[in-house]
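Structure first, commentary second.
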Amino acid sequence: MRDARWALGVRDRQQVGTGRPVEQHRHPDTPVGVLDRAVSVLDAVESGSRSFTAIVEATGLTRPTAHRLLRSLEDHGFLFQVGGLGYALGPRLLGLASAAMRELPLR
């Protein structure tokens, strides 16, 4: 945990020092492309892309593909639309996070 905070701090300092964003961590390409694309949509929303256009630009997905994924992620509770503000991470993620916390082997 301490190493992760240190690494985030280093990336933040790099961003501030150069005045431009540091490359985002790229997830591996797996044999399940639709899952890779869905995770890229979640990552985009997590990092601040809220509008449909911003999500398309952040992910590099075509508009029809992004639309289908956004709708499916909404239907499953992973995303929701906030009025005219765009998309936000959904409540289903809280349930998963809670279950993951219960499963962690804490000392």
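In the structure tokens, each chain is lettered A, B, ... as it comes, each chain's residues begin at 1, and ligands are numbered from 1 in order of appearance.
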For A:Ser49: contacts at 10 Å, only C-alpha atoms, fewer than 4 positions along chain excluded, given as a list in words: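 So the residues in contact are Val41, Leu42, Asp43, Ala44, Val45, Thr53, Ala54, Ile55, Val56, Glu57, Ala58, Thr59, Gly86, Tyr87 and Ala88 of chain A.
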With N, CA and C atoms retained, write the just-selected residues as a PDB file, in the first residue's frame.
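Result file follows (again_12.pdb):
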ATOM      1  N   VAL A  41     -13.954   1.837 -20.665  1.00  0.00           N
ATOM      2  CA  VAL A  41     -15.016   2.823 -20.416  1.00  0.00           C
ATOM      3  C   VAL A  41     -15.058   3.173 -18.928  1.00  0.00           C
ATOM      4  N   LEU A  42     -15.002   2.161 -18.065  1.00  0.00           N
ATOM      5  CA  LEU A  42     -14.998   2.419 -16.619  1.00  0.00           C
ATOM      6  C   LEU A  42     -13.786   3.255 -16.225  1.00  0.00           C
ATOM      7  N   ASP A  43     -12.633   2.943 -16.784  1.00  0.00           N
ATOM      8  CA  ASP A  43     -11.415   3.719 -16.500  1.00  0.00           C
ATOM      9  C   ASP A  43     -11.575   5.170 -16.933  1.00  0.00           C
ATOM     10  N   ALA A  44     -12.184   5.378 -18.093  1.00  0.00           N
ATOM     11  CA  ALA A  44     -12.368   6.739 -18.596  1.00  0.00           C
ATOM     12  C   ALA A  44     -13.264   7.541 -17.661  1.00  0.00           C
ATOM     13  N   VAL A  45     -14.356   6.930 -17.206  1.00  0.00           N
ATOM     14  CA  VAL A  45     -15.265   7.627 -16.290  1.00  0.00           C
ATOM     15  C   VAL A  45     -14.563   7.873 -14.958  1.00  0.00           C
ATOM     16  N   THR A  53     -19.109  12.142 -25.484  1.00  0.00           N
ATOM     17  CA  THR A  53     -18.008  12.507 -26.390  1.00  0.00           C
ATOM     18  C   THR A  53     -16.657  12.342 -25.710  1.00  0.00           C
ATOM     19  N   ALA A  54     -16.544  12.752 -24.458  1.00  0.00           N
ATOM     20  CA  ALA A  54     -15.278  12.622 -23.726  1.00  0.00           C
ATOM     21  C   ALA A  54     -14.904  11.154 -23.540  1.00  0.00           C
ATOM     22  N   ILE A  55     -15.890  10.307 -23.303  1.00  0.00           N
ATOM     23  CA  ILE A  55     -15.632   8.873 -23.131  1.00  0.00           C
ATOM     24  C   ILE A  55     -15.161   8.269 -24.447  1.00  0.00           C
ATOM     25  N   VAL A  56     -15.804   8.645 -25.550  1.00  0.00           N
ATOM     26  CA  VAL A  56     -15.391   8.155 -26.868  1.00  0.00           C
ATOM     27  C   VAL A  56     -13.948   8.574 -27.144  1.00  0.00           C
ATOM     28  N   GLU A  57     -13.610   9.823 -26.859  1.00  0.00           N
ATOM     29  CA  GLU A  57     -12.250  10.310 -27.106  1.00  0.00           C
ATOM     30  C   GLU A  57     -11.233   9.620 -26.206  1.00  0.00           C
ATOM     31  N   ALA A  58     -11.590   9.415 -24.942  1.00  0.00           N
ATOM     32  CA  ALA A  58     -10.661   8.798 -23.988  1.00  0.00           C
ATOM     33  C   ALA A  58     -10.394   7.329 -24.297  1.00  0.00           C
ATOM     34  N   THR A  59     -11.408   6.639 -24.815  1.00  0.00           N
ATOM     35  CA  THR A  59     -11.266   5.197 -25.049  1.00  0.00           C
ATOM     36  C   THR A  59     -10.835   4.858 -26.468  1.00  0.00           C
ATOM     37  N   GLY A  86     -23.612  13.976 -17.384  1.00  0.00           N
ATOM     38  CA  GLY A  86     -22.921  12.842 -17.989  1.00  0.00           C
ATOM     39  C   GLY A  86     -22.988  11.602 -17.127  1.00  0.00           C
ATOM     40  N   TYR A  87     -21.948  10.790 -17.203  1.00  0.00           N
ATOM     41  CA  TYR A  87     -21.920   9.494 -16.529  1.00  0.00           C
ATOM     42  C   TYR A  87     -21.082   9.541 -15.257  1.00  0.00           C
ATOM     43  N   ALA A  88     -21.448   8.674 -14.304  1.00  0.00           N
ATOM     44  CA  ALA A  88     -20.694   8.506 -13.066  1.00  0.00           C
ATOM     45  C   ALA A  88     -20.639   7.011 -12.754  1.00  0.00           C
TER      46      ALA A  88
END
Pick from A:Arg50, A:Thr62, A:Val39, A:Pro31: nearest to A:Gly83, with only C-alpha atoms counted?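 Residue with the minimum atom-to-atom distance to A:Gly83: A:Arg50.
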When DSSP is applied to the backbone of this structure, which of stretch 56-87 of chain A are assigned alpha helix (DSSP H)? Write them out as a short mmCIF file (atom, residue, chain, number, x, y, z; two decimals) with N, CA, C and O atoms, in the first residue's frame.
data_model
loop_
_atom_site.label_atom_id
_atom_site.label_comp_id
_atom_site.auth_asym_id
_atom_site.auth_seq_id
_atom_site.Cartn_x
_atom_site.Cartn_y
_atom_site.Cartn_z
N VAL A 56 -15.80 8.65 -25.55
CA VAL A 56 -15.39 8.16 -26.87
C VAL A 56 -13.95 8.57 -27.14
O VAL A 56 -13.13 7.76 -27.59
N GLU A 57 -13.61 9.82 -26.86
CA GLU A 57 -12.25 10.31 -27.11
C GLU A 57 -11.23 9.62 -26.21
O GLU A 57 -10.14 9.27 -26.65
N ALA A 58 -11.59 9.41 -24.94
CA ALA A 58 -10.66 8.80 -23.99
C ALA A 58 -10.39 7.33 -24.30
O ALA A 58 -9.30 6.83 -24.08
N THR A 59 -11.41 6.64 -24.82
CA THR A 59 -11.27 5.20 -25.05
C THR A 59 -10.84 4.86 -26.47
O THR A 59 -10.30 3.78 -26.71
N ARG A 63 -18.36 5.43 -31.84
CA ARG A 63 -19.54 5.93 -31.13
C ARG A 63 -20.59 4.82 -30.90
O ARG A 63 -21.11 4.70 -29.78
N PRO A 64 -20.90 4.00 -31.91
CA PRO A 64 -21.89 2.93 -31.66
C PRO A 64 -21.42 1.93 -30.60
O PRO A 64 -22.21 1.50 -29.76
N THR A 65 -20.13 1.57 -30.62
CA THR A 65 -19.62 0.62 -29.62
C THR A 65 -19.67 1.24 -28.23
O THR A 65 -20.10 0.60 -27.27
N ALA A 66 -19.24 2.49 -28.12
CA ALA A 66 -19.28 3.18 -26.82
C ALA A 66 -20.71 3.26 -26.32
O ALA A 66 -20.98 3.03 -25.13
N HIS A 67 -21.65 3.56 -27.20
CA HIS A 67 -23.05 3.67 -26.80
C HIS A 67 -23.58 2.33 -26.27
O HIS A 67 -24.22 2.28 -25.22
N ARG A 68 -23.29 1.26 -26.98
CA ARG A 68 -23.73 -0.07 -26.52
C ARG A 68 -23.12 -0.42 -25.17
O ARG A 68 -23.81 -0.93 -24.28
N LEU A 69 -21.84 -0.16 -25.01
CA LEU A 69 -21.18 -0.49 -23.74
C LEU A 69 -21.72 0.37 -22.60
O LEU A 69 -21.95 -0.13 -21.49
N LEU A 70 -21.91 1.66 -22.85
CA LEU A 70 -22.45 2.53 -21.81
C LEU A 70 -23.84 2.07 -21.37
O LEU A 70 -24.13 2.01 -20.17
N ARG A 71 -24.68 1.73 -22.34
CA ARG A 71 -26.02 1.24 -22.01
C ARG A 71 -25.97 -0.05 -21.19
O ARG A 71 -26.69 -0.21 -20.20
N SER A 72 -25.11 -0.97 -21.60
CA SER A 72 -25.00 -2.24 -20.87
C SER A 72 -24.44 -2.03 -19.47
O SER A 72 -24.92 -2.64 -18.51
N LEU A 73 -23.43 -1.18 -19.35
CA LEU A 73 -22.86 -0.90 -18.03
C LEU A 73 -23.88 -0.20 -17.13
O LEU A 73 -23.93 -0.45 -15.92
N GLU A 74 -24.73 0.62 -17.72
CA GLU A 74 -25.84 1.24 -16.97
C GLU A 74 -26.84 0.18 -16.52
O GLU A 74 -27.26 0.17 -15.36
N ASP A 75 -27.22 -0.69 -17.44
CA ASP A 75 -28.20 -1.74 -17.12
C ASP A 75 -27.73 -2.64 -15.99
O ASP A 75 -28.54 -3.13 -15.20
#
How would you write, as a list in words, the set of residues in stretch 48-103 of chain A that DSSP gives as strand (DSSP E)?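 Going through stretch 48-103 of chain A, the strand (DSSP E) residues come out as Leu79, Phe80, Gln81, Val82, Gly86, Tyr87, Ala88 and Leu89 of chain A.
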